[in-house]
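Below is start.cif, which holds mmCIF, C-alpha atoms.
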```
data_model
loop_
_atom_site.label_atom_id
_atom_site.label_comp_id
_atom_site.auth_asym_id
_atom_site.auth_seq_id
_atom_site.Cartn_x
_atom_site.Cartn_y
_atom_site.Cartn_z
CA LYS R 1252 -55.03 -7.06 -6.90
CA ALA R 1253 -56.38 -7.26 -10.43
CA GLY R 1254 -59.71 -8.99 -10.90
CA VAL R 1255 -60.78 -11.54 -13.45
CA THR R 1256 -60.43 -10.22 -16.97
CA GLN R 1257 -62.21 -11.43 -20.07
CA THR R 1258 -61.57 -10.61 -23.69
CA PRO R 1259 -63.12 -9.58 -25.90
CA ARG R 1260 -66.02 -7.85 -24.15
CA TYR R 1261 -68.28 -7.96 -27.19
CA LEU R 1262 -68.43 -10.22 -30.22
CA ILE R 1263 -70.71 -10.44 -33.21
CA LYS R 1264 -70.57 -13.59 -35.28
CA THR R 1265 -72.73 -15.30 -37.86
CA ARG R 1266 -74.21 -18.76 -37.76
CA GLY R 1267 -71.75 -21.51 -38.57
CA GLN R 1268 -68.69 -19.58 -37.49
CA GLN R 1269 -66.57 -20.45 -34.50
CA VAL R 1270 -65.45 -18.22 -31.64
CA THR R 1271 -62.78 -18.24 -28.94
CA LEU R 1272 -63.18 -16.38 -25.66
CA SER R 1273 -60.38 -15.73 -23.21
CA CYS R 1274 -60.26 -15.46 -19.43
CA SER R 1275 -57.41 -14.47 -17.12
CA PRO R 1276 -58.05 -15.41 -13.49
CA ILE R 1277 -57.01 -13.54 -10.39
CA SER R 1278 -53.33 -14.04 -9.69
CA GLY R 1279 -52.82 -17.21 -7.70
CA HIS R 1280 -56.19 -18.71 -8.60
CA ARG R 1281 -55.93 -22.05 -10.33
CA SER R 1282 -59.59 -22.92 -10.78
CA VAL R 1283 -61.44 -21.34 -13.67
CA SER R 1284 -65.11 -21.93 -14.43
CA TRP R 1285 -67.24 -20.83 -17.35
CA TYR R 1286 -70.94 -20.02 -17.25
CA GLN R 1287 -73.47 -19.11 -19.93
CA GLN R 1288 -76.17 -16.61 -19.08
CA THR R 1289 -79.33 -16.18 -21.16
CA PRO R 1290 -82.62 -14.49 -20.33
CA GLY R 1291 -84.51 -17.76 -20.58
CA GLN R 1292 -82.20 -20.21 -18.85
CA GLY R 1293 -80.35 -17.92 -16.47
CA LEU R 1294 -76.82 -18.84 -15.46
CA GLN R 1295 -75.73 -22.31 -16.46
CA PHE R 1296 -72.44 -24.02 -15.70
CA LEU R 1297 -70.35 -24.91 -18.75
CA PHE R 1298 -67.13 -26.40 -17.37
CA GLU R 1299 -64.39 -26.01 -14.80
CA TYR R 1300 -60.64 -26.29 -15.19
CA PHE R 1301 -58.05 -26.82 -12.51
CA SER R 1302 -54.34 -27.21 -13.19
CA GLU R 1303 -54.96 -27.55 -16.93
CA THR R 1304 -57.45 -30.39 -16.43
CA GLN R 1305 -61.17 -30.25 -17.01
CA ARG R 1306 -62.70 -31.42 -13.74
CA ASN R 1307 -66.36 -31.06 -14.55
CA LYS R 1308 -68.60 -30.26 -17.47
CA GLY R 1309 -72.17 -29.07 -17.63
CA ASN R 1310 -74.90 -30.27 -19.94
CA PHE R 1311 -73.82 -28.58 -23.15
CA PRO R 1312 -73.16 -30.05 -26.60
CA GLY R 1313 -69.66 -30.95 -27.73
CA ARG R 1314 -69.50 -27.73 -29.78
CA PHE R 1315 -68.54 -26.08 -26.50
CA SER R 1316 -65.00 -26.81 -25.45
CA GLY R 1317 -62.31 -25.23 -23.37
CA ARG R 1318 -58.78 -25.46 -22.18
CA GLN R 1319 -56.51 -24.06 -19.53
CA PHE R 1320 -52.88 -23.09 -19.87
CA SER R 1321 -50.04 -23.52 -17.43
CA ASN R 1322 -50.44 -19.91 -16.27
CA SER R 1323 -54.10 -20.69 -15.41
CA ARG R 1324 -55.48 -18.56 -18.24
CA SER R 1325 -58.39 -20.25 -19.90
CA GLU R 1326 -60.09 -20.18 -23.27
CA MET R 1327 -63.42 -21.50 -24.35
CA ASN R 1328 -64.34 -22.27 -27.91
CA VAL R 1329 -67.72 -22.61 -29.54
CA SER R 1330 -67.78 -24.15 -33.00
CA THR R 1331 -70.55 -24.05 -35.59
CA LEU R 1332 -72.35 -21.21 -33.87
CA GLU R 1333 -76.13 -21.27 -33.60
CA LEU R 1334 -78.51 -18.39 -32.93
CA GLY R 1335 -79.21 -19.86 -29.49
CA ASP R 1336 -75.57 -19.43 -28.50
CA SER R 1337 -76.14 -15.69 -28.17
CA ALA R 1338 -75.49 -15.04 -24.50
CA LEU R 1339 -73.29 -13.44 -21.89
CA TYR R 1340 -70.39 -15.77 -21.15
CA LEU R 1341 -68.96 -15.36 -17.69
CA CYS R 1342 -65.69 -16.65 -16.37
CA ALA R 1343 -64.99 -17.11 -12.67
CA SER R 1344 -61.92 -18.03 -10.70
CA SER R 1345 -61.39 -19.33 -7.19
CA ARG R 1346 -58.51 -20.03 -4.88
CA PRO R 1347 -56.24 -22.99 -5.21
CA GLY R 1348 -56.40 -25.98 -2.93
CA LEU R 1349 -58.66 -28.93 -2.51
CA ALA R 1350 -62.29 -28.16 -3.27
CA GLU R 1351 -63.36 -29.81 -0.07
CA LEU R 1352 -61.28 -27.48 2.06
CA THR R 1353 -62.26 -24.24 0.45
CA LEU R 1354 -65.92 -24.85 -0.27
CA LYS R 1355 -67.21 -23.76 3.10
CA THR R 1356 -65.82 -20.28 2.95
CA ASP R 1357 -64.69 -19.54 -0.55
CA THR R 1358 -66.54 -17.95 -3.37
CA GLN R 1359 -65.89 -17.51 -7.03
CA TYR R 1360 -64.83 -14.17 -8.45
CA PHE R 1361 -66.47 -13.30 -11.71
CA GLY R 1362 -65.20 -11.37 -14.69
CA PRO R 1363 -67.25 -8.76 -16.59
CA GLY R 1364 -68.28 -11.26 -19.23
CA THR R 1365 -68.16 -11.50 -23.01
CA ARG R 1366 -71.38 -10.62 -24.80
CA LEU R 1367 -71.69 -12.90 -27.85
CA THR R 1368 -74.27 -12.12 -30.49
CA VAL R 1369 -74.87 -14.65 -33.24
CA LEU R 1370 -76.65 -13.35 -36.34
CA LYS D 280 -80.08 -32.42 -8.59
CA GLN D 281 -80.02 -29.11 -6.76
CA GLU D 282 -82.58 -26.54 -7.88
CA VAL D 283 -82.58 -22.93 -6.76
CA THR D 284 -85.65 -20.70 -7.02
CA GLN D 285 -85.97 -16.99 -6.43
CA ILE D 286 -89.21 -15.16 -5.80
CA PRO D 287 -90.26 -12.61 -6.92
CA ALA D 288 -88.68 -12.36 -10.36
CA ALA D 289 -88.97 -8.58 -10.23
CA LEU D 290 -89.62 -6.05 -7.52
CA SER D 291 -90.14 -2.29 -7.60
CA VAL D 292 -90.02 -0.23 -4.41
CA PRO D 293 -89.79 3.46 -3.51
CA GLU D 294 -86.52 4.76 -2.16
CA GLY D 295 -86.09 4.31 1.58
CA GLU D 296 -88.13 1.14 1.91
CA ASN D 297 -86.82 -1.99 3.55
CA LEU D 298 -87.23 -5.09 1.41
CA VAL D 299 -86.72 -8.85 1.43
CA LEU D 300 -85.62 -11.08 -1.42
CA ASN D 301 -86.28 -14.80 -1.20
CA CYS D 302 -84.29 -17.83 -2.29
CA SER D 303 -85.16 -21.49 -1.89
CA PHE D 304 -83.16 -24.62 -2.65
CA THR D 305 -84.18 -28.27 -2.87
CA ASP D 306 -81.16 -30.08 -1.41
CA SER D 307 -80.35 -28.96 2.14
CA ALA D 308 -76.88 -30.55 2.10
CA ILE D 309 -75.13 -27.34 1.15
CA TYR D 310 -71.71 -26.01 2.11
CA ASN D 311 -72.80 -22.40 1.93
CA LEU D 312 -75.16 -20.06 0.16
CA GLN D 313 -74.06 -16.96 -1.64
CA TRP D 314 -75.79 -13.80 -2.76
CA PHE D 315 -74.52 -11.92 -5.80
CA ARG D 316 -75.42 -8.66 -7.44
CA GLN D 317 -75.42 -8.15 -11.20
CA ASP D 318 -75.73 -4.79 -12.90
CA PRO D 319 -77.11 -4.78 -16.46
CA GLY D 320 -74.72 -6.43 -18.92
CA LYS D 321 -72.05 -6.83 -16.27
CA GLY D 322 -70.46 -9.62 -14.28
CA LEU D 323 -71.41 -10.78 -10.80
CA THR D 324 -70.30 -9.16 -7.58
CA SER D 325 -70.30 -11.28 -4.44
CA LEU D 326 -72.33 -9.66 -1.66
CA LEU D 327 -72.55 -12.18 1.14
CA LEU D 328 -71.59 -15.77 1.79
CA ILE D 329 -73.28 -17.69 4.59
CA GLN D 330 -71.63 -20.88 5.70
CA SER D 331 -73.88 -23.85 6.36
CA SER D 332 -73.21 -23.56 10.11
CA GLN D 333 -74.26 -19.91 10.22
CA ARG D 334 -77.73 -18.41 10.49
CA GLU D 335 -76.97 -14.85 9.42
CA GLN D 336 -74.39 -12.72 7.73
CA THR D 337 -74.36 -8.94 7.58
CA SER D 338 -72.62 -6.37 5.42
CA GLY D 339 -73.65 -2.75 5.78
CA ARG D 340 -77.33 -2.42 4.90
CA LEU D 341 -77.50 -6.05 3.77
CA ASN D 342 -78.43 -8.98 5.96
CA ALA D 343 -78.70 -12.53 4.70
CA SER D 344 -80.23 -15.38 6.66
CA LEU D 345 -80.10 -19.10 6.07
CA ASP D 346 -82.46 -21.86 7.21
CA LYS D 347 -81.02 -25.10 5.88
CA SER D 348 -83.76 -27.31 7.26
CA SER D 349 -86.44 -25.48 5.31
CA GLY D 350 -84.21 -24.84 2.29
CA ARG D 351 -84.58 -21.08 2.42
CA SER D 352 -82.52 -17.94 2.49
CA THR D 353 -83.53 -14.30 2.56
CA LEU D 354 -81.63 -11.15 1.68
CA TYR D 355 -82.80 -8.12 3.62
CA ILE D 356 -81.93 -4.69 2.26
CA ALA D 357 -82.48 -1.79 4.65
CA ALA D 358 -83.27 1.75 3.59
CA SER D 359 -83.11 1.01 -0.14
CA GLN D 360 -81.41 3.48 -2.50
CA PRO D 361 -81.62 3.93 -6.28
CA GLY D 362 -78.06 2.58 -6.47
CA ASP D 363 -79.36 -0.74 -5.17
CA SER D 364 -81.19 -1.26 -8.46
CA ALA D 365 -79.76 -4.44 -9.97
CA THR D 366 -80.47 -8.15 -10.29
CA TYR D 367 -79.78 -10.18 -7.17
CA LEU D 368 -78.86 -13.84 -7.53
CA CYS D 369 -78.46 -16.53 -4.95
CA ALA D 370 -76.31 -19.58 -5.56
CA VAL D 371 -75.23 -22.76 -3.83
CA PRO D 372 -72.01 -24.64 -4.60
CA TYR D 373 -71.83 -28.20 -5.72
CA SER D 374 -68.79 -30.33 -5.21
CA GLY D 375 -68.49 -33.59 -7.01
CA ALA D 376 -65.51 -35.53 -8.30
CA GLY D 377 -63.28 -32.85 -6.84
CA SER D 378 -64.87 -30.13 -8.89
CA TYR D 379 -66.60 -26.92 -7.91
CA GLN D 380 -69.56 -25.25 -9.55
CA LEU D 381 -72.35 -22.92 -8.52
CA THR D 382 -76.04 -23.51 -9.12
CA PHE D 383 -77.86 -20.22 -9.49
CA GLY D 384 -81.42 -19.04 -9.16
CA LYS D 385 -82.74 -16.91 -12.00
CA GLY D 386 -82.55 -13.79 -9.90
CA THR D 387 -84.76 -11.01 -8.64
CA LYS D 388 -84.60 -7.77 -10.61
CA LEU D 389 -84.87 -4.90 -8.14
CA SER D 390 -85.82 -1.37 -9.11
CA VAL D 391 -85.63 1.34 -6.45
CA ILE D 392 -87.63 4.38 -7.51
CA PRO D 393 -86.30 7.80 -6.39
#
```

Would you kindly transcribe this structure into structure tokens?
Amino acid sequence: KAGVTQTPRYLIKTRGQQVTLSCSPISGHRSVSWYQQTPGQGLQFLFEYFSETQRNKGNFPGRFSGRQFSNSRSEMNVSTLELGDSALYLCASSRPGLAELTLKTDTQYFGPGTRLTVL
Amino acid sequence: KQEVTQIPAALSVPEGENLVLNCSFTDSAIYNLQWFRQDPGKGLTSLLLIQSSQREQTSGRLNASLDKSSGRSTLYIAASQPGDSATYLCAVPYSGAGSYQLTFGKGTKLSVIP
């Protein structure tokens, strides 16, 4: 069974540009979450999508947005890039079903990440 | 708001030693607690998941314990090997408004010296 895939693996952008990152979840998984990881803040939750709907969003500015397609693939977009957006962006997927039923035993499966460098 | 803390931030041990990594959380109303491993520049690999009703979970040389009442979990690694060198993160899930997200500690960076 293929794991979570993320493209591209590395990106270099300059301040003010925008970027789109892509995530393909494990087959059958309908929940996709995005996390930002930096040395200073650690792993922080960005947002979660389930069945093409954003269910939850972390404390990030509106420059960070995302979407999910009918095949559960997800993209996140960062507009007007700032130096502080340099980070490892991780995508994770989890099984379908009601969150309350799967929470006790389920985990999220993480992709390898996209390393974004903003110059 | 749930907060997760991991101590120490870094640990260096000689090969063969047994070691313990610590994780504490502020809100004891958790569904489970998970331990992940992250190699440099890579994604996260799930190691162990302990349900809230469990006290321990074992996988090979790894043993994780959970004490909900005190808000603590430990990851015990037996007979450490250089291949165990990585950052270890603990995380607890949050469920609100039908969503699912993990709150992570900042990790313990482990170096096992040959």

*asked:* Please expand the PyMOL selection byres ((chain R) within 10 of (chain D)) into the concrete residues it hits in this file, giving the result as a PyMOL selection string.
replied: chain R and resi 1255+1260+1282-1286+1288-1301+1305-1309+1339-1343+1345+1349-1351+1353-1366

Keeping C-alpha atoms, export the residues of the selection given above as a PDB file, keeping the file's coordinate frame.
```pdb
ATOM      1  CA  VAL R1255     -60.780 -11.540 -13.450  1.00  0.00           C
ATOM      2  CA  ARG R1260     -66.020  -7.850 -24.150  1.00  0.00           C
ATOM      3  CA  SER R1282     -59.590 -22.920 -10.780  1.00  0.00           C
ATOM      4  CA  VAL R1283     -61.440 -21.340 -13.670  1.00  0.00           C
ATOM      5  CA  SER R1284     -65.110 -21.930 -14.430  1.00  0.00           C
ATOM      6  CA  TRP R1285     -67.240 -20.830 -17.350  1.00  0.00           C
ATOM      7  CA  TYR R1286     -70.940 -20.020 -17.250  1.00  0.00           C
ATOM      8  CA  GLN R1288     -76.170 -16.610 -19.080  1.00  0.00           C
ATOM      9  CA  THR R1289     -79.330 -16.180 -21.160  1.00  0.00           C
ATOM     10  CA  PRO R1290     -82.620 -14.490 -20.330  1.00  0.00           C
ATOM     11  CA  GLY R1291     -84.510 -17.760 -20.580  1.00  0.00           C
ATOM     12  CA  GLN R1292     -82.200 -20.210 -18.850  1.00  0.00           C
ATOM     13  CA  GLY R1293     -80.350 -17.920 -16.470  1.00  0.00           C
ATOM     14  CA  LEU R1294     -76.820 -18.840 -15.460  1.00  0.00           C
ATOM     15  CA  GLN R1295     -75.730 -22.310 -16.460  1.00  0.00           C
ATOM     16  CA  PHE R1296     -72.440 -24.020 -15.700  1.00  0.00           C
ATOM     17  CA  LEU R1297     -70.350 -24.910 -18.750  1.00  0.00           C
ATOM     18  CA  PHE R1298     -67.130 -26.400 -17.370  1.00  0.00           C
ATOM     19  CA  GLU R1299     -64.390 -26.010 -14.800  1.00  0.00           C
ATOM     20  CA  TYR R1300     -60.640 -26.290 -15.190  1.00  0.00           C
ATOM     21  CA  PHE R1301     -58.050 -26.820 -12.510  1.00  0.00           C
ATOM     22  CA  GLN R1305     -61.170 -30.250 -17.010  1.00  0.00           C
ATOM     23  CA  ARG R1306     -62.700 -31.420 -13.740  1.00  0.00           C
ATOM     24  CA  ASN R1307     -66.360 -31.060 -14.550  1.00  0.00           C
ATOM     25  CA  LYS R1308     -68.600 -30.260 -17.470  1.00  0.00           C
ATOM     26  CA  GLY R1309     -72.170 -29.070 -17.630  1.00  0.00           C
ATOM     27  CA  LEU R1339     -73.290 -13.440 -21.890  1.00  0.00           C
ATOM     28  CA  TYR R1340     -70.390 -15.770 -21.150  1.00  0.00           C
ATOM     29  CA  LEU R1341     -68.960 -15.360 -17.690  1.00  0.00           C
ATOM     30  CA  CYS R1342     -65.690 -16.650 -16.370  1.00  0.00           C
ATOM     31  CA  ALA R1343     -64.990 -17.110 -12.670  1.00  0.00           C
ATOM     32  CA  SER R1345     -61.390 -19.330  -7.190  1.00  0.00           C
ATOM     33  CA  LEU R1349     -58.660 -28.930  -2.510  1.00  0.00           C
ATOM     34  CA  ALA R1350     -62.290 -28.160  -3.270  1.00  0.00           C
ATOM     35  CA  GLU R1351     -63.360 -29.810  -0.070  1.00  0.00           C
ATOM     36  CA  THR R1353     -62.260 -24.240   0.450  1.00  0.00           C
ATOM     37  CA  LEU R1354     -65.920 -24.850  -0.270  1.00  0.00           C
ATOM     38  CA  LYS R1355     -67.210 -23.760   3.100  1.00  0.00           C
ATOM     39  CA  THR R1356     -65.820 -20.280   2.950  1.00  0.00           C
ATOM     40  CA  ASP R1357     -64.690 -19.540  -0.550  1.00  0.00           C
ATOM     41  CA  THR R1358     -66.540 -17.950  -3.370  1.00  0.00           C
ATOM     42  CA  GLN R1359     -65.890 -17.510  -7.030  1.00  0.00           C
ATOM     43  CA  TYR R1360     -64.830 -14.170  -8.450  1.00  0.00           C
ATOM     44  CA  PHE R1361     -66.470 -13.300 -11.710  1.00  0.00           C
ATOM     45  CA  GLY R1362     -65.200 -11.370 -14.690  1.00  0.00           C
ATOM     46  CA  PRO R1363     -67.250  -8.760 -16.590  1.00  0.00           C
ATOM     47  CA  GLY R1364     -68.280 -11.260 -19.230  1.00  0.00           C
ATOM     48  CA  THR R1365     -68.160 -11.500 -23.010  1.00  0.00           C
ATOM     49  CA  ARG R1366     -71.380 -10.620 -24.800  1.00  0.00           C
TER      50      ARG R1366
END
```

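Candidate residues D:Leu345, D:Pro361, D:Leu300, D:Pro287 were compared for distance to Ile392 of chain D, and the nearest is D:Pro361, using only C-alpha atoms.
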
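Neighbouring residues of Gln281 of chain D at 7 Å or closer, counting only C-alpha atoms and skipping chain neighbours under 4 positions away, are D:Phe304, D:Thr305, D:Asp306.
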
*Selected by the PyMOL selection byres ((chain R and resi 1315) around 12) in the shown coordinates: which residues, as a PyMOL selection string?*
chain R and resi 1269-1272+1285-1287+1296-1298+1308-1314+1316-1318+1326-1333+1336+1340

_Selection dump of the PyMOL selection byres ((chain D and resi 341) around 12), as a PyMOL selection string_ = chain D and resi 297-300+314-316+326-328+335-340+342-344+353-359+363+367

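Take the candidates R:Ala1338, R:Arg1346, R:Ser1321, R:Arg1281 and check each one against Leu1262 of chain R using only C-alpha atoms; the shortest distance goes to R:Ala1338.
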
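Close contacts of Pro393 of chain D, defined as residues with an atom at most 10 Å away when counting all atoms listed in the file, with chain neighbours fewer than 4 positions off set aside, comprise D:Val292, D:Pro293, D:Glu294, D:Gly295, D:Ser359, D:Gln360, D:Pro361, D:Gly362.
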